[in-house]
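First the structure, in the form of structure tokens, and then the observations on it.
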Amino acid sequence: MNTRLENTSLVVMGVAGCGKSSLGQLCAEALGLPLLEGDDFHSESNVAKMRSGTPLSDEDRAAWLDTLAAQLQAHPQGVVLTCSALKRRYRERLRAAAPGLRFVFLDLTQDQARSRVAARPAHLFPVSLVASQFAALEDPRQEPGVLPLDATQSLDDLGSAVVRWVRSAAAAANPQSPETRS
């Protein structure tokens, strides 16, 4: 399934526990792109706040989003980024850094997210913060370049759907490109 698509940048987004990291890794491998794990770019103070059960504010996220935007710009050949991107203004900040940026929105219920987060006790994000993520989430479905997916589907099905979506967009943009032909 590995298909290198130049100049394809993609954010796998959603609340904690939706499967961003797993799908991001699968998509990066399938598309032949580097993977950036958004959580790796949080400041020590942001990590400490989350570990203590304190939700991040817009102010806390500002420098993090600036760092992620710089990372997108540093990968003009394309990249897969995992990032919650909960609010439209966060997504717009990332879009400004990488024109044509696309988002895969992994959707699930709050109960499903709580259950998944509880199953990974070593993660920096505690179950107590799941509700704050849903409170902050601004549904991206009406925005351009967004593929909403049911996060409870199998990882293989999700990955296949993303690759088909990315390849069809690349083919539509450049139908003569050999990298978009099957």
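Note on naming: chains are A, B, ... as they come in the structure tokens, residues start from 1 per chain, ligands start from 1 in the order shown.
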Using DSSP on the backbone coordinates, identify all residues within chain A classified as alpha helix (DSSP H); present the result as a PyMOL selection string.
chain A and resi 20-31+44-51+58-73+88-97+110-118+130-136+155-173
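Within 7 Å of stretch 123-133 of chain A, once only C-alpha atoms are used and residues closer than 6 positions along the same chain are dropped, the contacting residues are Val15, Ala16, Val47, Met50, Arg51, Gly53, Pro55, Ala113, Arg114 and Val117 of chain A.
Residues in contact range of A:Leu106, defined as at most 9 Å between only C-alpha atoms, with sequence neighbours fewer than 5 positions away removed, read A:Val12, A:Met13, A:Gly14, A:Val15, A:Cys18, A:Gly19, A:Lys20, A:Leu147, A:Pro148, A:Leu149, A:Asp150, A:Ala151, A:Thr152.
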Per-residue nearest contacts of stretch 15-36 of chain A to stretch 64-79 of chain A (7 Å; only C-alpha atoms) as CSV:
residue,atom,partner,partner_atom,distance
A:Leu33,CA,A:Val79,CA,5.2
A:Pro34,CA,A:Val79,CA,5.1
A:Leu35,CA,A:Val79,CA,6.1
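Taking atom CA of A:Val11 as the reference point, atom CA of A:Thr54 is found at 24.7 Å.
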Atom CA of A:Gly24 to atom CA of A:Val80, straight-line distance in Å:
6.3 Å
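The space between atom CA of A:Pro144 and atom CA of A:Arg167 spans 16.5 Å.
With only C-alpha atoms as the basis for measurement, A:Glu92 is the residue among A:Glu44, A:Glu29, A:Asp111, A:Glu92 that approaches A:Pro140 most closely.
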Nearest to A:Arg89, chosen from A:Val104, A:Val146, A:Ala62, A:Ala30, with only C-alpha atoms counted in the distances:
A:Ala62
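Of the residues listed (A:Val162, A:Ala169, A:Leu36, A:Ala63), A:Val162 shows the shortest atom-to-atom separation from A:Phe105; distances use only C-alpha atoms.
Secondary structure from DSSP on the backbone puts strand (DSSP E) at the following positions of stretch 43-119 of chain A: Gly78, Val79, Val80, Leu81, Thr82, Arg102, Phe103, Val104, Phe105, Leu106 and Asp107 of chain A.
Each of A:Thr8, A:Ser160, A:Ser21, A:Gln153 was checked against A:Cys83 using only C-alpha atoms; the smallest atom-to-atom distance is that of A:Ser21.
Ranking A:Ser154, A:Gln142, A:Thr109, A:Ser168 by their shortest atom-to-atom distance to A:Gly17, with only C-alpha atoms included, puts A:Thr109 first.
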So which residues touch A:Arg88 within 10 Å, counting only C-alpha atoms, skipping near sequence neighbours fewer than 6 positions away, as a PyMOL selection string?
chain A and resi 94+137-140+143
Judged by only C-alpha atoms, the minimum distance to A:Lys87 among A:Ala171, A:Leu56, A:Ala119, A:Ala136 is found for A:Ala136
